[in-house]
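Read through the structure below, which is laid out as structure tokens, and then see the notes.
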Amino acid sequence: MKVWFSLLGGLVIGIILSYFFLDYNGWTIHHMGENGEVVKTINELDFNLITNGFLIVVGVSFLIYVVWTLIERRKSDKSFFN
């Protein structure tokens, strides 16, 4: 259960952090017709943006899991000695 909550929390927090901290300057390609009108517009994603966003999500998930494990260990150690 801890793993699923860590992954879900990491996904939500990681996406929010990626949105605010990673600048997305994607390419926009316009295909022009014979009269100069735009026939087709293509928006491309940046591979570095996707990779960095994924690494942020994985890092935040791992951080949540480690902190949660440390909190559980502290609670169990305190209850053992009291």
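Residues in the structure tokens are numbered from 1 in each chain, the chains being A, B, ... in the order shown, and ligands are numbered from 1 in the order shown.
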
Could you give me, as JSON, numbers by chain, the residues within 12 Å of region 13-17 of chain A, counting only C-alpha atoms and dropping anything in the same chain fewer than 6 positions from it?
{"A": [5, 6, 7, 23, 49, 50, 52, 53, 54, 55, 56, 57, 58, 59, 60, 61, 62, 63, 64]}

Write out as a PDB file with N, CA and C atoms, in the first residue's frame each polymer residue whose atoms come within 9 Å of Thr28 (chain A), counting only C-alpha atoms; drop sequence neighbours fewer than 3 positions from it.
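The file below, around_6.pdb, is the result:
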ATOM      1  N   THR A  41      -0.977  22.290 -38.894  1.00  0.00           N
ATOM      2  CA  THR A  41      -0.090  22.723 -37.818  1.00  0.00           C
ATOM      3  C   THR A  41       0.287  21.505 -36.989  1.00  0.00           C
ATOM      4  N   ILE A  42       1.589  21.335 -36.745  1.00  0.00           N
ATOM      5  CA  ILE A  42       2.090  20.202 -35.966  1.00  0.00           C
ATOM      6  C   ILE A  42       2.824  20.752 -34.749  1.00  0.00           C
ATOM      7  N   ASN A  43       2.445  20.298 -33.561  1.00  0.00           N
ATOM      8  CA  ASN A  43       3.141  20.653 -32.324  1.00  0.00           C
ATOM      9  C   ASN A  43       3.939  19.441 -31.864  1.00  0.00           C
ATOM     10  N   GLU A  44       5.233  19.612 -31.711  1.00  0.00           N
ATOM     11  CA  GLU A  44       6.094  18.502 -31.321  1.00  0.00           C
ATOM     12  C   GLU A  44       6.485  18.624 -29.859  1.00  0.00           C
TER      13      GLU A  44
END

Taking the DSSP secondary structure from the backbone, can you list the residues of chain A that are strand (DSSP E), as an MDAnalysis selection string?
chainID A and resid 27:32 38:44

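Picture a line from CA of Ser76 (chain A) to CA of Lys2 (chain A); it runs 15.9 Å.
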
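Shortest separation to Trp27 (chain A) among A:Leu45, A:Leu8, A:Val66, A:Ile71 occurs at residue A:Leu45, atoms counted being only C-alpha atoms.
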
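With distances restricted to only C-alpha atoms, A:Trp68 is the closest residue to Val3 (chain A) from A:Phe21, A:Lys78, A:Arg73, A:Trp68.
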
For His31 (chain A), work out the shell of residues within 8 Å, counting only C-alpha atoms and skipping chain neighbours fewer than 4 positions away, then give it as a VMD selection string.
chain A and resid 38 to 41

Quote the spacing between CA of Thr69 (chain A) and CA of Gly10 (chain A) in Å to one decimal place.
15.0 Å

Fewer than 5 positions away in the same chain doesn't count, so skip those; otherwise give me all residues within 10 Å of Asp46 (chain A), counting only C-alpha atoms, as JSON, numbers by chain.
{"A": [24, 25, 26, 27, 51]}

Limited to N, CA and C atoms, could you put the picked residues into a file as a JSON list (two decimals), in the first residue's frame?
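Contents of the output file out.json:
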[["chain", "number", "residue", "atom", "x", "y", "z"],
["A", 24, "TYR", "N", 8.77, 24.65, -21.21],
["A", 24, "TYR", "CA", 8.45, 23.94, -22.44],
["A", 24, "TYR", "C", 8.40, 24.92, -23.59],
["A", 25, "ASN", "N", 9.37, 24.82, -24.45],
["A", 25, "ASN", "CA", 9.42, 25.64, -25.66],
["A", 25, "ASN", "C", 9.40, 24.68, -26.85],
["A", 26, "GLY", "N", 8.26, 24.11, -27.09],
["A", 26, "GLY", "CA", 8.14, 23.12, -28.15],
["A", 26, "GLY", "C", 8.14, 23.75, -29.53],
["A", 27, "TRP", "N", 8.37, 22.92, -30.48],
["A", 27, "TRP", "CA", 8.37, 23.37, -31.86],
["A", 27, "TRP", "C", 6.95, 23.35, -32.40],
["A", 51, "THR", "N", 11.76, 13.33, -20.59],
["A", 51, "THR", "CA", 12.72, 12.59, -19.77],
["A", 51, "THR", "C", 12.91, 13.25, -18.42]]

Check chain A with DSSP on the backbone and list each residue it calls helix (DSSP H, G or I), as a PDB file with N, CA, C and O atoms, in the first residue's frame.
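Listing of states_22.pdb after writing:
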ATOM      1  N   LYS A   2       1.971   1.176   0.722  1.00  0.00           N
ATOM      2  CA  LYS A   2       2.879   2.318   0.803  1.00  0.00           C
ATOM      3  C   LYS A   2       3.470   2.628  -0.571  1.00  0.00           C
ATOM      4  O   LYS A   2       3.645   3.794  -0.927  1.00  0.00           O
ATOM      5  N   VAL A   3       3.760   1.585  -1.332  1.00  0.00           N
ATOM      6  CA  VAL A   3       4.347   1.770  -2.667  1.00  0.00           C
ATOM      7  C   VAL A   3       3.356   2.487  -3.588  1.00  0.00           C
ATOM      8  O   VAL A   3       3.728   3.413  -4.321  1.00  0.00           O
ATOM      9  N   TRP A   4       2.092   2.075  -3.553  1.00  0.00           N
ATOM     10  CA  TRP A   4       1.092   2.691  -4.423  1.00  0.00           C
ATOM     11  C   TRP A   4       0.864   4.149  -4.070  1.00  0.00           C
ATOM     12  O   TRP A   4       0.735   4.997  -4.962  1.00  0.00           O
ATOM     13  N   PHE A   5       0.797   4.448  -2.769  1.00  0.00           N
ATOM     14  CA  PHE A   5       0.616   5.844  -2.362  1.00  0.00           C
ATOM     15  C   PHE A   5       1.844   6.679  -2.722  1.00  0.00           C
ATOM     16  O   PHE A   5       1.716   7.844  -3.095  1.00  0.00           O
ATOM     17  N   SER A   6       3.028   6.092  -2.623  1.00  0.00           N
ATOM     18  CA  SER A   6       4.247   6.808  -3.007  1.00  0.00           C
ATOM     19  C   SER A   6       4.251   7.110  -4.497  1.00  0.00           C
ATOM     20  O   SER A   6       4.605   8.213  -4.917  1.00  0.00           O
ATOM     21  N   LEU A   7       3.864   6.126  -5.305  1.00  0.00           N
ATOM     22  CA  LEU A   7       3.823   6.341  -6.750  1.00  0.00           C
ATOM     23  C   LEU A   7       2.759   7.364  -7.143  1.00  0.00           C
ATOM     24  O   LEU A   7       3.004   8.240  -7.980  1.00  0.00           O
ATOM     25  N   LEU A   8       1.596   7.268  -6.529  1.00  0.00           N
ATOM     26  CA  LEU A   8       0.530   8.210  -6.845  1.00  0.00           C
ATOM     27  C   LEU A   8       0.890   9.630  -6.398  1.00  0.00           C
ATOM     28  O   LEU A   8       0.723  10.589  -7.151  1.00  0.00           O
ATOM     29  N   GLY A   9       1.413   9.756  -5.179  1.00  0.00           N
ATOM     30  CA  GLY A   9       1.833  11.072  -4.692  1.00  0.00           C
ATOM     31  C   GLY A   9       2.979  11.630  -5.511  1.00  0.00           C
ATOM     32  O   GLY A   9       3.027  12.822  -5.814  1.00  0.00           O
ATOM     33  N   GLY A  10       3.929  10.766  -5.885  1.00  0.00           N
ATOM     34  CA  GLY A  10       5.048  11.200  -6.726  1.00  0.00           C
ATOM     35  C   GLY A  10       4.596  11.644  -8.096  1.00  0.00           C
ATOM     36  O   GLY A  10       5.116  12.609  -8.656  1.00  0.00           O
ATOM     37  N   LEU A  11       3.596  10.961  -8.635  1.00  0.00           N
ATOM     38  CA  LEU A  11       3.068  11.337  -9.936  1.00  0.00           C
ATOM     39  C   LEU A  11       2.403  12.709  -9.879  1.00  0.00           C
ATOM     40  O   LEU A  11       2.675  13.580 -10.717  1.00  0.00           O
ATOM     41  N   VAL A  12       1.577  12.922  -8.877  1.00  0.00           N
ATOM     42  CA  VAL A  12       0.866  14.197  -8.765  1.00  0.00           C
ATOM     43  C   VAL A  12       1.838  15.343  -8.486  1.00  0.00           C
ATOM     44  O   VAL A  12       1.854  16.359  -9.178  1.00  0.00           O
ATOM     45  N   ILE A  13       2.684  15.174  -7.477  1.00  0.00           N
ATOM     46  CA  ILE A  13       3.623  16.235  -7.109  1.00  0.00           C
ATOM     47  C   ILE A  13       4.665  16.442  -8.209  1.00  0.00           C
ATOM     48  O   ILE A  13       5.038  17.572  -8.522  1.00  0.00           O
ATOM     49  N   GLY A  14       5.133  15.350  -8.817  1.00  0.00           N
ATOM     50  CA  GLY A  14       6.124  15.456  -9.886  1.00  0.00           C
ATOM     51  C   GLY A  14       5.601  16.182 -11.110  1.00  0.00           C
ATOM     52  O   GLY A  14       6.307  16.978 -11.723  1.00  0.00           O
ATOM     53  N   ILE A  15       4.351  15.927 -11.464  1.00  0.00           N
ATOM     54  CA  ILE A  15       3.766  16.629 -12.614  1.00  0.00           C
ATOM     55  C   ILE A  15       3.615  18.113 -12.312  1.00  0.00           C
ATOM     56  O   ILE A  15       3.894  18.964 -13.160  1.00  0.00           O
ATOM     57  N   ILE A  16       3.195  18.422 -11.091  1.00  0.00           N
ATOM     58  CA  ILE A  16       3.059  19.838 -10.716  1.00  0.00           C
ATOM     59  C   ILE A  16       4.422  20.530 -10.735  1.00  0.00           C
ATOM     60  O   ILE A  16       4.568  21.634 -11.274  1.00  0.00           O
ATOM     61  N   LEU A  17       5.446  19.889 -10.161  1.00  0.00           N
ATOM     62  CA  LEU A  17       6.789  20.483 -10.171  1.00  0.00           C
ATOM     63  C   LEU A  17       7.325  20.617 -11.593  1.00  0.00           C
ATOM     64  O   LEU A  17       7.952  21.626 -11.934  1.00  0.00           O
ATOM     65  N   SER A  18       7.095  19.612 -12.421  1.00  0.00           N
ATOM     66  CA  SER A  18       7.555  19.671 -13.809  1.00  0.00           C
ATOM     67  C   SER A  18       6.885  20.808 -14.562  1.00  0.00           C
ATOM     68  O   SER A  18       7.522  21.486 -15.370  1.00  0.00           O
ATOM     69  N   TYR A  19       5.624  21.020 -14.297  1.00  0.00           N
ATOM     70  CA  TYR A  19       4.903  22.087 -14.981  1.00  0.00           C
ATOM     71  C   TYR A  19       5.477  23.457 -14.625  1.00  0.00           C
ATOM     72  O   TYR A  19       5.627  24.323 -15.495  1.00  0.00           O
ATOM     73  N   PHE A  20       5.792  23.654 -13.350  1.00  0.00           N
ATOM     74  CA  PHE A  20       6.252  24.971 -12.925  1.00  0.00           C
ATOM     75  C   PHE A  20       7.752  25.198 -13.146  1.00  0.00           C
ATOM     76  O   PHE A  20       8.171  26.328 -13.374  1.00  0.00           O
ATOM     77  N   PHE A  21       8.574  24.153 -13.084  1.00  0.00           N
ATOM     78  CA  PHE A  21      10.020  24.353 -13.142  1.00  0.00           C
ATOM     79  C   PHE A  21      10.660  24.041 -14.489  1.00  0.00           C
ATOM     80  O   PHE A  21      11.766  24.500 -14.759  1.00  0.00           O
ATOM     81  N   PHE A  47      11.894  15.770 -26.281  1.00  0.00           N
ATOM     82  CA  PHE A  47      12.306  14.539 -25.612  1.00  0.00           C
ATOM     83  C   PHE A  47      12.933  14.834 -24.252  1.00  0.00           C
ATOM     84  O   PHE A  47      12.698  14.104 -23.283  1.00  0.00           O
ATOM     85  N   ASN A  48      13.714  15.909 -24.156  1.00  0.00           N
ATOM     86  CA  ASN A  48      14.339  16.262 -22.871  1.00  0.00           C
ATOM     87  C   ASN A  48      13.296  16.640 -21.831  1.00  0.00           C
ATOM     88  O   ASN A  48      13.448  16.330 -20.651  1.00  0.00           O
ATOM     89  N   LEU A  49      12.231  17.299 -22.234  1.00  0.00           N
ATOM     90  CA  LEU A  49      11.155  17.656 -21.312  1.00  0.00           C
ATOM     91  C   LEU A  49      10.493  16.400 -20.741  1.00  0.00           C
ATOM     92  O   LEU A  49      10.267  16.300 -19.537  1.00  0.00           O
ATOM     93  N   ILE A  50      10.199  15.445 -21.605  1.00  0.00           N
ATOM     94  CA  ILE A  50       9.558  14.209 -21.160  1.00  0.00           C
ATOM     95  C   ILE A  50      10.480  13.426 -20.245  1.00  0.00           C
ATOM     96  O   ILE A  50      10.060  12.921 -19.197  1.00  0.00           O
ATOM     97  N   THR A  51      11.757  13.328 -20.595  1.00  0.00           N
ATOM     98  CA  THR A  51      12.715  12.590 -19.773  1.00  0.00           C
ATOM     99  C   THR A  51      12.905  13.253 -18.417  1.00  0.00           C
ATOM    100  O   THR A  51      12.882  12.582 -17.381  1.00  0.00           O
ATOM    101  N   ASN A  52      13.085  14.562 -18.394  1.00  0.00           N
ATOM    102  CA  ASN A  52      13.277  15.265 -17.124  1.00  0.00           C
ATOM    103  C   ASN A  52      12.021  15.214 -16.262  1.00  0.00           C
ATOM    104  O   ASN A  52      12.106  15.072 -15.044  1.00  0.00           O
ATOM    105  N   GLY A  53      10.865  15.311 -16.872  1.00  0.00           N
ATOM    106  CA  GLY A  53       9.619  15.187 -16.126  1.00  0.00           C
ATOM    107  C   GLY A  53       9.476  13.806 -15.504  1.00  0.00           C
ATOM    108  O   GLY A  53       9.064  13.667 -14.348  1.00  0.00           O
ATOM    109  N   PHE A  54       9.827  12.771 -16.260  1.00  0.00           N
ATOM    110  CA  PHE A  54       9.788  11.402 -15.736  1.00  0.00           C
ATOM    111  C   PHE A  54      10.754  11.228 -14.576  1.00  0.00           C
ATOM    112  O   PHE A  54      10.416  10.602 -13.559  1.00  0.00           O
ATOM    113  N   LEU A  55      11.963  11.777 -14.695  1.00  0.00           N
ATOM    114  CA  LEU A  55      12.945  11.662 -13.615  1.00  0.00           C
ATOM    115  C   LEU A  55      12.487  12.406 -12.362  1.00  0.00           C
ATOM    116  O   LEU A  55      12.733  11.943 -11.239  1.00  0.00           O
ATOM    117  N   ILE A  56      11.826  13.526 -12.522  1.00  0.00           N
ATOM    118  CA  ILE A  56      11.290  14.247 -11.366  1.00  0.00           C
ATOM    119  C   ILE A  56      10.214  13.411 -10.680  1.00  0.00           C
ATOM    120  O   ILE A  56      10.181  13.309  -9.455  1.00  0.00           O
ATOM    121  N   VAL A  57       9.329  12.791 -11.450  1.00  0.00           N
ATOM    122  CA  VAL A  57       8.274  11.949 -10.878  1.00  0.00           C
ATOM    123  C   VAL A  57       8.880  10.769 -10.128  1.00  0.00           C
ATOM    124  O   VAL A  57       8.469  10.449  -9.000  1.00  0.00           O
ATOM    125  N   VAL A  58       9.872  10.108 -10.717  1.00  0.00           N
ATOM    126  CA  VAL A  58      10.524   8.968 -10.059  1.00  0.00           C
ATOM    127  C   VAL A  58      11.241   9.427  -8.792  1.00  0.00           C
ATOM    128  O   VAL A  58      11.151   8.774  -7.743  1.00  0.00           O
ATOM    129  N   GLY A  59      11.936  10.550  -8.853  1.00  0.00           N
ATOM    130  CA  GLY A  59      12.661  11.056  -7.691  1.00  0.00           C
ATOM    131  C   GLY A  59      11.732  11.428  -6.545  1.00  0.00           C
ATOM    132  O   GLY A  59      12.001  11.107  -5.384  1.00  0.00           O
ATOM    133  N   VAL A  60      10.632  12.081  -6.854  1.00  0.00           N
ATOM    134  CA  VAL A  60       9.676  12.466  -5.810  1.00  0.00           C
ATOM    135  C   VAL A  60       9.017  11.216  -5.216  1.00  0.00           C
ATOM    136  O   VAL A  60       8.820  11.133  -4.004  1.00  0.00           O
ATOM    137  N   SER A  61       8.696  10.235  -6.052  1.00  0.00           N
ATOM    138  CA  SER A  61       8.119   8.985  -5.548  1.00  0.00           C
ATOM    139  C   SER A  61       9.087   8.280  -4.606  1.00  0.00           C
ATOM    140  O   SER A  61       8.689   7.801  -3.531  1.00  0.00           O
ATOM    141  N   PHE A  62      10.350   8.208  -4.989  1.00  0.00           N
ATOM    142  CA  PHE A  62      11.363   7.580  -4.147  1.00  0.00           C
ATOM    143  C   PHE A  62      11.527   8.344  -2.836  1.00  0.00           C
ATOM    144  O   PHE A  62      11.627   7.743  -1.764  1.00  0.00           O
ATOM    145  N   LEU A  63      11.523   9.660  -2.904  1.00  0.00           N
ATOM    146  CA  LEU A  63      11.654  10.483  -1.709  1.00  0.00           C
ATOM    147  C   LEU A  63      10.481  10.268  -0.753  1.00  0.00           C
ATOM    148  O   LEU A  63      10.668  10.138   0.459  1.00  0.00           O
ATOM    149  N   ILE A  64       9.274  10.205  -1.281  1.00  0.00           N
ATOM    150  CA  ILE A  64       8.096   9.956  -0.442  1.00  0.00           C
ATOM    151  C   ILE A  64       8.198   8.593   0.207  1.00  0.00           C
ATOM    152  O   ILE A  64       7.925   8.430   1.403  1.00  0.00           O
ATOM    153  N   TYR A  65       8.622   7.580  -0.543  1.00  0.00           N
ATOM    154  CA  TYR A  65       8.753   6.235   0.002  1.00  0.00           C
ATOM    155  C   TYR A  65       9.790   6.176   1.127  1.00  0.00           C
ATOM    156  O   TYR A  65       9.548   5.590   2.182  1.00  0.00           O
ATOM    157  N   VAL A  66      10.940   6.816   0.922  1.00  0.00           N
ATOM    158  CA  VAL A  66      12.007   6.804   1.932  1.00  0.00           C
ATOM    159  C   VAL A  66      11.564   7.544   3.195  1.00  0.00           C
ATOM    160  O   VAL A  66      11.771   7.052   4.316  1.00  0.00           O
ATOM    161  N   VAL A  67      10.958   8.702   3.037  1.00  0.00           N
ATOM    162  CA  VAL A  67      10.507   9.464   4.205  1.00  0.00           C
ATOM    163  C   VAL A  67       9.436   8.689   4.963  1.00  0.00           C
ATOM    164  O   VAL A  67       9.455   8.618   6.195  1.00  0.00           O
ATOM    165  N   TRP A  68       8.522   8.075   4.250  1.00  0.00           N
ATOM    166  CA  TRP A  68       7.470   7.291   4.890  1.00  0.00           C
ATOM    167  C   TRP A  68       8.061   6.113   5.655  1.00  0.00           C
ATOM    168  O   TRP A  68       7.649   5.812   6.775  1.00  0.00           O
ATOM    169  N   THR A  69       9.058   5.446   5.078  1.00  0.00           N
ATOM    170  CA  THR A  69       9.720   4.323   5.750  1.00  0.00           C
ATOM    171  C   THR A  69      10.442   4.787   7.010  1.00  0.00           C
ATOM    172  O   THR A  69      10.373   4.123   8.052  1.00  0.00           O
ATOM    173  N   LEU A  70      11.125   5.916   6.932  1.00  0.00           N
ATOM    174  CA  LEU A  70      11.820   6.442   8.116  1.00  0.00           C
ATOM    175  C   LEU A  70      10.843   6.812   9.221  1.00  0.00           C
ATOM    176  O   LEU A  70      11.111   6.558  10.403  1.00  0.00           O
ATOM    177  N   ILE A  71       9.715   7.403   8.868  1.00  0.00           N
ATOM    178  CA  ILE A  71       8.705   7.752   9.869  1.00  0.00           C
ATOM    179  C   ILE A  71       8.151   6.496  10.524  1.00  0.00           C
ATOM    180  O   ILE A  71       7.983   6.437  11.747  1.00  0.00           O
ATOM    181  N   GLU A  72       7.885   5.463   9.730  1.00  0.00           N
ATOM    182  CA  GLU A  72       7.384   4.204  10.298  1.00  0.00           C
ATOM    183  C   GLU A  72       8.406   3.570  11.235  1.00  0.00           C
ATOM    184  O   GLU A  72       8.039   3.034  12.280  1.00  0.00           O
ATOM    185  N   ARG A  73       9.669   3.608  10.875  1.00  0.00           N
ATOM    186  CA  ARG A  73      10.708   3.026  11.731  1.00  0.00           C
ATOM    187  C   ARG A  73      10.829   3.796  13.035  1.00  0.00           C
ATOM    188  O   ARG A  73      11.020   3.196  14.092  1.00  0.00           O
ATOM    189  N   ARG A  74      10.754   5.109  12.974  1.00  0.00           N
ATOM    190  CA  ARG A  74      10.840   5.906  14.201  1.00  0.00           C
ATOM    191  C   ARG A  74       9.665   5.614  15.126  1.00  0.00           C
ATOM    192  O   ARG A  74       9.831   5.522  16.328  1.00  0.00           O
ATOM    193  N   LYS A  75       8.483   5.484  14.560  1.00  0.00           N
ATOM    194  CA  LYS A  75       7.312   5.171  15.377  1.00  0.00           C
ATOM    195  C   LYS A  75       7.442   3.801  16.020  1.00  0.00           C
ATOM    196  O   LYS A  75       7.098   3.631  17.180  1.00  0.00           O
ATOM    197  N   SER A  76       7.941   2.823  15.279  1.00  0.00           N
ATOM    198  CA  SER A  76       8.080   1.476  15.842  1.00  0.00           C
ATOM    199  C   SER A  76       9.200   1.417  16.858  1.00  0.00           C
ATOM    200  O   SER A  76       9.109   0.704  17.855  1.00  0.00           O
ATOM    201  N   ASP A  77      10.287   2.181  16.666  1.00  0.00           N
ATOM    202  CA  ASP A  77      11.391   2.199  17.647  1.00  0.00           C
ATOM    203  C   ASP A  77      10.953   2.868  18.949  1.00  0.00           C
ATOM    204  O   ASP A  77      11.286   2.409  20.036  1.00  0.00           O
ATOM    205  N   LYS A  78      10.214   3.937  18.867  1.00  0.00           N
ATOM    206  CA  LYS A  78       9.746   4.623  20.070  1.00  0.00           C
ATOM    207  C   LYS A  78       8.780   3.753  20.856  1.00  0.00           C
ATOM    208  O   LYS A  78       8.820   3.713  22.085  1.00  0.00           O
ATOM    209  N   SER A  79       7.882   3.072  20.170  1.00  0.00           N
ATOM    210  CA  SER A  79       6.925   2.230  20.867  1.00  0.00           C
ATOM    211  C   SER A  79       7.621   1.007  21.483  1.00  0.00           C
ATOM    212  O   SER A  79       7.182   0.467  22.471  1.00  0.00           O
ATOM    213  N   PHE A  80       8.719   0.566  20.887  1.00  0.00           N
ATOM    214  CA  PHE A  80       9.448  -0.583  21.418  1.00  0.00           C
ATOM    215  C   PHE A  80      10.138  -0.253  22.725  1.00  0.00           C
ATOM    216  O   PHE A  80      10.172  -1.047  23.656  1.00  0.00           O
ATOM    217  N   PHE A  81      10.708   0.941  22.838  1.00  0.00           N
ATOM    218  CA  PHE A  81      11.453   1.325  24.024  1.00  0.00           C
ATOM    219  C   PHE A  81      10.577   1.889  25.127  1.00  0.00           C
ATOM    220  O   PHE A  81      11.012   2.026  26.266  1.00  0.00           O
TER     221      PHE A  81
END
